[in-house]
>>> print(open('entry_6.cif').read())   # mmCIF, C-alpha atoms
data_entry
loop_
_atom_site.label_atom_id
_atom_site.label_comp_id
_atom_site.auth_asym_id
_atom_site.auth_seq_id
_atom_site.Cartn_x
_atom_site.Cartn_y
_atom_site.Cartn_z
CA MET A 1 -122.29 136.27 22.69
CA LYS A 2 -125.29 135.22 24.72
CA LYS A 3 -124.82 132.21 26.98
CA ARG A 4 -126.87 129.13 26.28
CA THR A 5 -127.56 126.45 28.84
CA PRO A 6 -126.97 122.80 27.88
CA LYS A 7 -130.08 121.22 26.40
CA ASN A 8 -131.11 117.62 26.65
CA ILE A 9 -130.91 116.20 23.14
CA PHE A 10 -132.02 112.69 24.05
CA ARG A 11 -135.41 111.16 23.38
CA GLN A 12 -136.50 107.67 24.41
CA GLY A 13 -137.15 105.51 21.34
CA ALA A 14 -137.73 106.63 17.75
CA ILE A 15 -138.30 110.28 16.83
CA PRO A 16 -141.85 110.49 15.42
CA ALA A 17 -142.43 112.20 12.05
CA SER A 18 -145.18 114.24 13.74
CA PHE A 19 -142.60 115.72 16.15
CA ILE A 20 -140.47 116.77 13.19
CA GLY A 21 -143.48 118.36 11.50
CA GLU A 22 -144.39 120.26 14.67
CA SER A 23 -140.80 121.49 15.05
CA ILE A 24 -140.96 123.00 11.57
CA GLN A 25 -144.36 124.55 12.27
CA LYS A 26 -143.05 126.26 15.42
CA HIS A 27 -140.74 128.40 13.30
CA SER A 28 -143.49 130.10 11.30
CA SER A 29 -143.50 133.05 13.73
CA LYS A 30 -139.76 133.63 13.21
CA THR A 31 -140.11 135.57 10.00
CA GLU A 32 -136.43 136.53 9.74
CA ILE A 33 -135.78 132.91 8.73
CA GLY A 34 -135.51 132.23 4.99
CA ALA A 35 -134.09 128.70 5.01
CA HIS A 36 -134.24 125.51 7.06
CA SER A 37 -131.94 122.56 6.71
CA ILE A 38 -132.85 119.18 8.16
CA PHE A 39 -130.91 115.95 8.50
CA LEU A 40 -132.74 112.78 9.50
CA GLY A 41 -130.91 109.60 10.38
CA GLN A 42 -132.94 106.43 9.79
CA VAL A 43 -132.10 102.95 11.09
CA ARG A 44 -131.04 100.85 8.11
CA ALA A 45 -131.72 97.12 7.78
CA ASP A 46 -128.10 96.11 7.11
CA GLU A 47 -127.31 92.46 6.74
CA VAL A 48 -124.69 90.87 9.01
CA ASP A 49 -123.66 87.28 8.20
CA GLY A 50 -127.00 86.70 6.52
CA LYS A 51 -128.96 88.18 9.42
CA LYS A 52 -130.92 91.39 9.13
CA VAL A 53 -130.63 94.27 11.57
CA GLU A 54 -134.04 94.64 13.18
CA ALA A 55 -133.33 97.59 15.47
CA ILE A 56 -130.55 99.62 17.04
CA GLU A 57 -130.35 100.04 20.79
CA TYR A 58 -128.64 103.29 21.73
CA THR A 59 -126.87 104.04 24.99
CA THR A 60 -124.84 107.06 26.04
CA TYR A 61 -122.61 108.56 28.69
CA GLU A 62 -125.26 111.22 29.10
CA GLU A 63 -123.50 113.91 31.14
CA MET A 64 -120.45 113.83 28.90
CA ALA A 65 -122.56 113.78 25.73
CA LEU A 66 -124.62 116.81 26.81
CA GLN A 67 -121.50 118.72 27.83
CA LYS A 68 -119.83 117.90 24.51
CA MET A 69 -122.98 118.77 22.55
CA HIS A 70 -123.06 122.12 24.32
CA GLU A 71 -119.50 122.85 23.16
CA ILE A 72 -120.35 121.82 19.59
CA ARG A 73 -123.49 123.97 19.66
CA GLU A 74 -121.54 127.02 20.82
CA SER A 75 -118.85 126.58 18.18
CA VAL A 76 -121.36 126.12 15.33
CA PHE A 77 -123.33 129.19 16.45
CA GLU A 78 -120.08 131.12 16.47
CA LYS A 79 -119.06 129.94 12.99
CA TYR A 80 -122.35 130.32 11.07
CA PRO A 81 -125.00 133.08 11.03
CA ILE A 82 -127.86 130.77 12.00
CA THR A 83 -130.94 131.71 14.03
CA CYS A 84 -131.88 128.28 15.38
CA MET A 85 -130.36 124.89 15.98
CA HIS A 86 -132.15 121.79 17.24
CA VAL A 87 -130.63 118.36 17.78
CA TYR A 88 -132.44 115.21 18.92
CA HIS A 89 -130.92 111.76 19.26
CA SER A 90 -132.71 108.57 20.27
CA LEU A 91 -131.83 106.40 23.23
CA GLY A 92 -133.11 102.88 23.74
CA THR A 93 -134.47 100.75 20.94
CA VAL A 94 -135.24 102.18 17.49
CA PRO A 95 -136.62 99.70 14.88
CA THR A 96 -135.38 99.76 11.28
CA GLY A 97 -137.08 102.37 9.17
CA GLU A 98 -137.55 104.73 12.12
CA ILE A 99 -135.77 108.04 12.76
CA CYS A 100 -132.95 108.06 15.33
CA LEU A 101 -131.32 111.46 14.67
CA PHE A 102 -132.92 114.80 13.87
CA VAL A 103 -130.75 117.84 13.19
CA PHE A 104 -132.46 121.09 12.29
CA THR A 105 -130.85 124.46 11.52
CA SER A 106 -132.40 127.72 10.31
CA SER A 107 -130.96 130.93 8.90
CA GLY A 108 -131.80 133.99 6.83
CA HIS A 109 -130.23 132.51 3.72
CA ARG A 110 -129.75 128.87 2.72
CA ARG A 111 -125.96 128.55 2.81
CA ALA A 112 -125.52 128.97 6.56
CA ALA A 113 -128.32 126.53 7.40
CA THR A 114 -127.08 123.75 5.10
CA ASP A 115 -123.40 124.13 6.03
CA ALA A 116 -124.15 124.24 9.76
CA CYS A 117 -126.45 121.23 9.50
CA ASN A 118 -123.86 119.15 7.61
CA GLU A 119 -121.11 120.08 10.03
CA LEU A 120 -123.28 119.28 13.05
CA VAL A 121 -124.04 115.78 11.79
CA GLU A 122 -120.31 115.08 11.38
CA TRP A 123 -119.54 116.37 14.89
CA ILE A 124 -122.40 114.38 16.43
CA LYS A 125 -121.20 111.13 14.88
CA ALA A 126 -117.53 111.71 15.71
CA GLU A 127 -117.62 113.39 19.11
CA LEU A 128 -120.65 112.34 21.13
CA PRO A 129 -120.23 109.33 23.45
CA ILE A 130 -123.17 107.35 22.08
CA TRP A 131 -123.10 103.66 21.18
CA GLY A 132 -125.40 101.71 18.90
CA LYS A 133 -126.00 98.00 19.37
CA GLU A 134 -127.42 96.45 16.21
CA LEU A 135 -130.01 93.89 17.20
CA LEU A 136 -130.19 91.11 14.63
CA GLU A 137 -132.81 88.51 13.81
CA GLY A 138 -132.68 85.59 16.23
CA GLU A 139 -131.56 87.49 19.34
CA SER A 140 -127.91 88.04 18.35
CA TYR A 141 -126.31 91.47 18.04
CA GLN A 142 -123.25 93.36 16.94
CA TRP A 143 -121.90 96.75 17.95
CA LYS A 144 -122.40 99.42 15.32
CA VAL A 145 -119.31 101.00 13.74
CA ASN A 146 -119.42 104.52 12.31
CA ASN A 147 -117.65 105.15 9.00
CA MET B 1 -112.57 101.79 45.96
CA MET B 2 -112.63 103.54 42.63
CA LYS B 3 -115.55 103.14 40.25
CA ILE B 4 -114.81 102.87 36.54
CA LEU B 5 -117.68 103.35 34.09
CA VAL B 6 -117.66 101.28 30.90
CA PHE B 7 -119.79 101.65 27.79
CA GLY B 8 -120.68 100.05 24.46
CA GLN B 9 -118.88 96.80 23.59
CA LEU B 10 -116.83 97.03 26.80
CA THR B 11 -119.95 96.17 28.79
CA ASP B 12 -119.70 92.71 27.17
CA ILE B 13 -116.19 92.18 28.55
CA PHE B 14 -116.93 93.56 32.01
CA LYS B 15 -120.43 92.03 32.16
CA GLY B 16 -121.94 95.31 33.29
CA SER B 17 -121.73 99.08 33.18
CA PHE B 18 -119.07 99.60 35.86
CA ILE B 19 -116.28 97.93 37.80
CA ARG B 20 -114.57 98.77 41.08
CA LEU B 21 -110.83 98.70 41.66
CA LYS B 22 -108.62 99.34 44.69
CA ASP B 23 -105.25 101.10 44.90
CA ILE B 24 -105.14 102.78 41.53
CA PRO B 25 -102.75 105.73 41.54
CA ASP B 26 -102.86 106.46 37.82
CA THR B 27 -104.38 105.43 34.48
CA ASP B 28 -101.43 103.24 33.39
CA THR B 29 -101.78 101.17 36.59
CA MET B 30 -105.52 100.97 36.03
CA ILE B 31 -105.11 99.59 32.51
CA ARG B 32 -102.44 97.09 33.62
CA LYS B 33 -104.69 95.77 36.40
CA LEU B 34 -107.73 95.64 34.17
CA GLU B 35 -105.88 93.76 31.43
CA GLU B 36 -104.67 91.20 33.99
CA LYS B 37 -108.21 90.60 35.12
CA TYR B 38 -109.90 90.96 31.72
CA PRO B 39 -107.40 89.84 29.01
CA ALA B 40 -110.00 90.53 26.26
CA LEU B 41 -109.49 94.23 26.95
CA LYS B 42 -106.06 94.10 25.25
CA LYS B 43 -107.70 93.70 21.86
CA MET B 44 -110.20 96.51 22.36
CA LYS B 45 -109.99 100.07 21.11
CA TYR B 46 -111.10 102.71 23.61
CA LEU B 47 -110.39 106.12 25.09
CA ILE B 48 -110.05 106.97 28.77
CA ALA B 49 -111.97 109.92 30.16
CA ILE B 50 -111.46 111.46 33.59
CA ASP B 51 -114.27 113.69 34.79
CA LYS B 52 -115.64 113.61 31.22
CA GLU B 53 -112.41 114.85 29.62
CA ILE B 54 -110.44 112.50 27.40
CA VAL B 55 -106.85 111.91 28.55
CA LYS B 56 -104.16 110.54 26.25
CA GLU B 57 -101.23 110.25 28.67
CA ASN B 58 -100.74 108.60 32.01
CA THR B 59 -102.77 110.62 34.50
CA THR B 60 -102.93 110.63 38.29
CA LEU B 61 -106.24 109.47 39.73
CA GLY B 62 -107.91 110.56 42.94
CA GLU B 63 -110.57 108.75 44.95
CA GLU B 64 -113.11 111.20 43.58
CA SER B 65 -112.12 110.86 39.93
CA GLU B 66 -114.89 109.79 37.59
CA VAL B 67 -113.07 107.42 35.27
CA SER B 68 -114.67 105.97 32.16
CA LEU B 69 -113.60 103.74 29.29
CA LEU B 70 -115.12 104.74 25.96
CA PRO B 71 -115.05 102.45 22.91
CA PRO B 72 -115.36 104.12 19.45
CA PHE B 73 -118.52 106.22 19.29
CA SER B 74 -121.31 105.05 17.00
CA GLY B 75 -124.16 107.50 17.39
CA GLY B 76 -126.45 108.63 14.59
#
>>> encode(input="entry_6.cif", output="structure tokens")
Amino acid sequence: MKKRTPKNIFRQGAIPASFIGESIQKHSSKTEIGAHSIFLGQVRADEVDGKKVEAIEYTTYEEMALQKMHEIRESVFEKYPITCMHVYHSLGTVPTGEICLFVFTSSGHRRAATDACNELVEWIKAELPIWGKELLEGESYQWKVNN
Amino acid sequence: MMKILVFGQLTDIFKGSFIRLKDIPDTDTMIRKLEEKYPALKKMKYLIAIDKEIVKENTTLGEESEVSLLPPFSGG
């Protein structure tokens, strides 16, 4: 198997829709691809004790997260016949309604892309040392909990 | 002096992103000393990582060890 170097998955602030569009466009030259699967995480305006979440502020243990993501990437490439895999996660403040996670897989046929994409999202949420602080109306906050 | 990195909700307890401790031979001693100094830690859920690998049992620490306390992850 060819060796891949760890990639930086982190982006400061929200992930713009235009960036997602451009990422899709970049694959038009890879004509062996027949299917893309995309997961987008959006910051939800949950209500906590009557106060609305206005944004999530993300922090990470970056070196550990990138090392872990590299391991996940390798194992998913090994398990599924996919041609491409792209993962982007926000750091810093992302307002509600904006995109904070972008996972993008491509393959010859749809099954591999969708399965790999779903599995990646689960791994990212469970294994990467990233923390979300939910910023509420009126300057209070609570730490996000993943289900 | 050993540096311990803390993240997420633990930064509230430690009032910052790291703490320094002296004379820490292993992780059990580290936790005991930290809980004495920061009793709120007893109620927290977290994992210990040494050099970015999670350890579940008492582990010997060296001066060069990069120790971190990781509360439950909440990315995505």
>>> interface_residues(input="entry_6.cif", of="chain A", to="chain B", cutoff="10 Å", atoms="all atoms listed in the file", output="ChimeraX atom specification")
/A:40-43,58-61,63-65,67-68,88-91,99-102,121-122,124-133,142-147
>>> residues_around(input="entry_6.cif", residues="B:Tyr38", least_positions_apart="3", cutoff="12 Å", atoms="only C-alpha atoms", output="count of residues only")
17
>>> atom_distance(input="entry_6.cif", atom1="atom CA of A:Lys79", atom2="atom CA of A:Gln25")
25.9 Å
>>> residues_around(input="entry_6.cif", residues="A:Ser23", least_positions_apart="4", cutoff="9 Å", atoms="only C-alpha atoms", output="list in words")
Ser18, Phe19, His27, His86 and Phe104 of chain A
>>> atom_distance(input="entry_6.cif", atom1="atom CA of A:Ile56", atom2="atom CA of A:Pro95")
6.4 Å
>>> residues_around(input="entry_6.cif", residues="A:Ala17", least_positions_apart="4", cutoff="9 Å", atoms="all atoms listed in the file", output="JSON, numbers by chain")
{"A": [21, 22, 98, 99]}
>>> write_last_selection(input="entry_6.cif", atoms="C-alpha atoms", output="PDB file, in the frame of the given file")
ATOM      1  CA  GLY A  21    -143.480 118.360  11.500  1.00  0.00           C
ATOM      2  CA  GLU A  22    -144.390 120.260  14.670  1.00  0.00           C
ATOM      3  CA  GLU A  98    -137.550 104.730  12.120  1.00  0.00           C
ATOM      4  CA  ILE A  99    -135.770 108.040  12.760  1.00  0.00           C
TER       5      ILE A  99
END
>>> residues_around(input="entry_6.cif", residues="B:Val55", least_positions_apart="5", cutoff="12 Å", atoms="all atoms listed in the file", output="list of chain:residue names")
B:Asp26, B:Thr27, B:Asp28, B:Tyr46, B:Leu47, B:Ile48, B:Ala49, B:Ile50, B:Thr60, B:Leu61, B:Val67, B:Ser68, B:Leu69, B:Leu70
>>> resolve_selection(input="entry_6.cif", expression="the PyMOL selection byres ((chain A and resi 55) around 7)", output="list in words")
Val53, Glu54, Ile56, Glu57, Thr93, Val94, Pro95, Thr96, Glu134 and Leu135 of chain A
>>> residues_near_point(input="entry_6.cif", point="(-120.7, 122.5, 7.8)", cutoff="12 Å", atoms="only C-alpha atoms", output="mmCIF file with C-alpha atoms, in the coordinates of the input")
data_model
loop_
_atom_site.group_PDB
_atom_site.id
_atom_site.type_symbol
_atom_site.label_atom_id
_atom_site.label_comp_id
_atom_site.auth_asym_id
_atom_site.auth_seq_id
_atom_site.Cartn_x
_atom_site.Cartn_y
_atom_site.Cartn_z
ATOM 1 C CA SER A 37 -131.940 122.560 6.710
ATOM 2 C CA ILE A 72 -120.350 121.820 19.590
ATOM 3 C CA SER A 75 -118.850 126.580 18.180
ATOM 4 C CA VAL A 76 -121.360 126.120 15.330
ATOM 5 C CA PHE A 77 -123.330 129.190 16.450
ATOM 6 C CA LYS A 79 -119.060 129.940 12.990
ATOM 7 C CA TYR A 80 -122.350 130.320 11.070
ATOM 8 C CA PRO A 81 -125.000 133.080 11.030
ATOM 9 C CA ILE A 82 -127.860 130.770 12.000
ATOM 10 C CA THR A 105 -130.850 124.460 11.520
ATOM 11 C CA ARG A 111 -125.960 128.550 2.810
ATOM 12 C CA ALA A 112 -125.520 128.970 6.560
ATOM 13 C CA ALA A 113 -128.320 126.530 7.400
ATOM 14 C CA THR A 114 -127.080 123.750 5.100
ATOM 15 C CA ASP A 115 -123.400 124.130 6.030
ATOM 16 C CA ALA A 116 -124.150 124.240 9.760
ATOM 17 C CA CYS A 117 -126.450 121.230 9.500
ATOM 18 C CA ASN A 118 -123.860 119.150 7.610
ATOM 19 C CA GLU A 119 -121.110 120.080 10.030
ATOM 20 C CA LEU A 120 -123.280 119.280 13.050
ATOM 21 C CA VAL A 121 -124.040 115.780 11.790
ATOM 22 C CA GLU A 122 -120.310 115.080 11.380
ATOM 23 C CA TRP A 123 -119.540 116.370 14.890
ATOM 24 C CA ILE A 124 -122.400 114.380 16.430
#
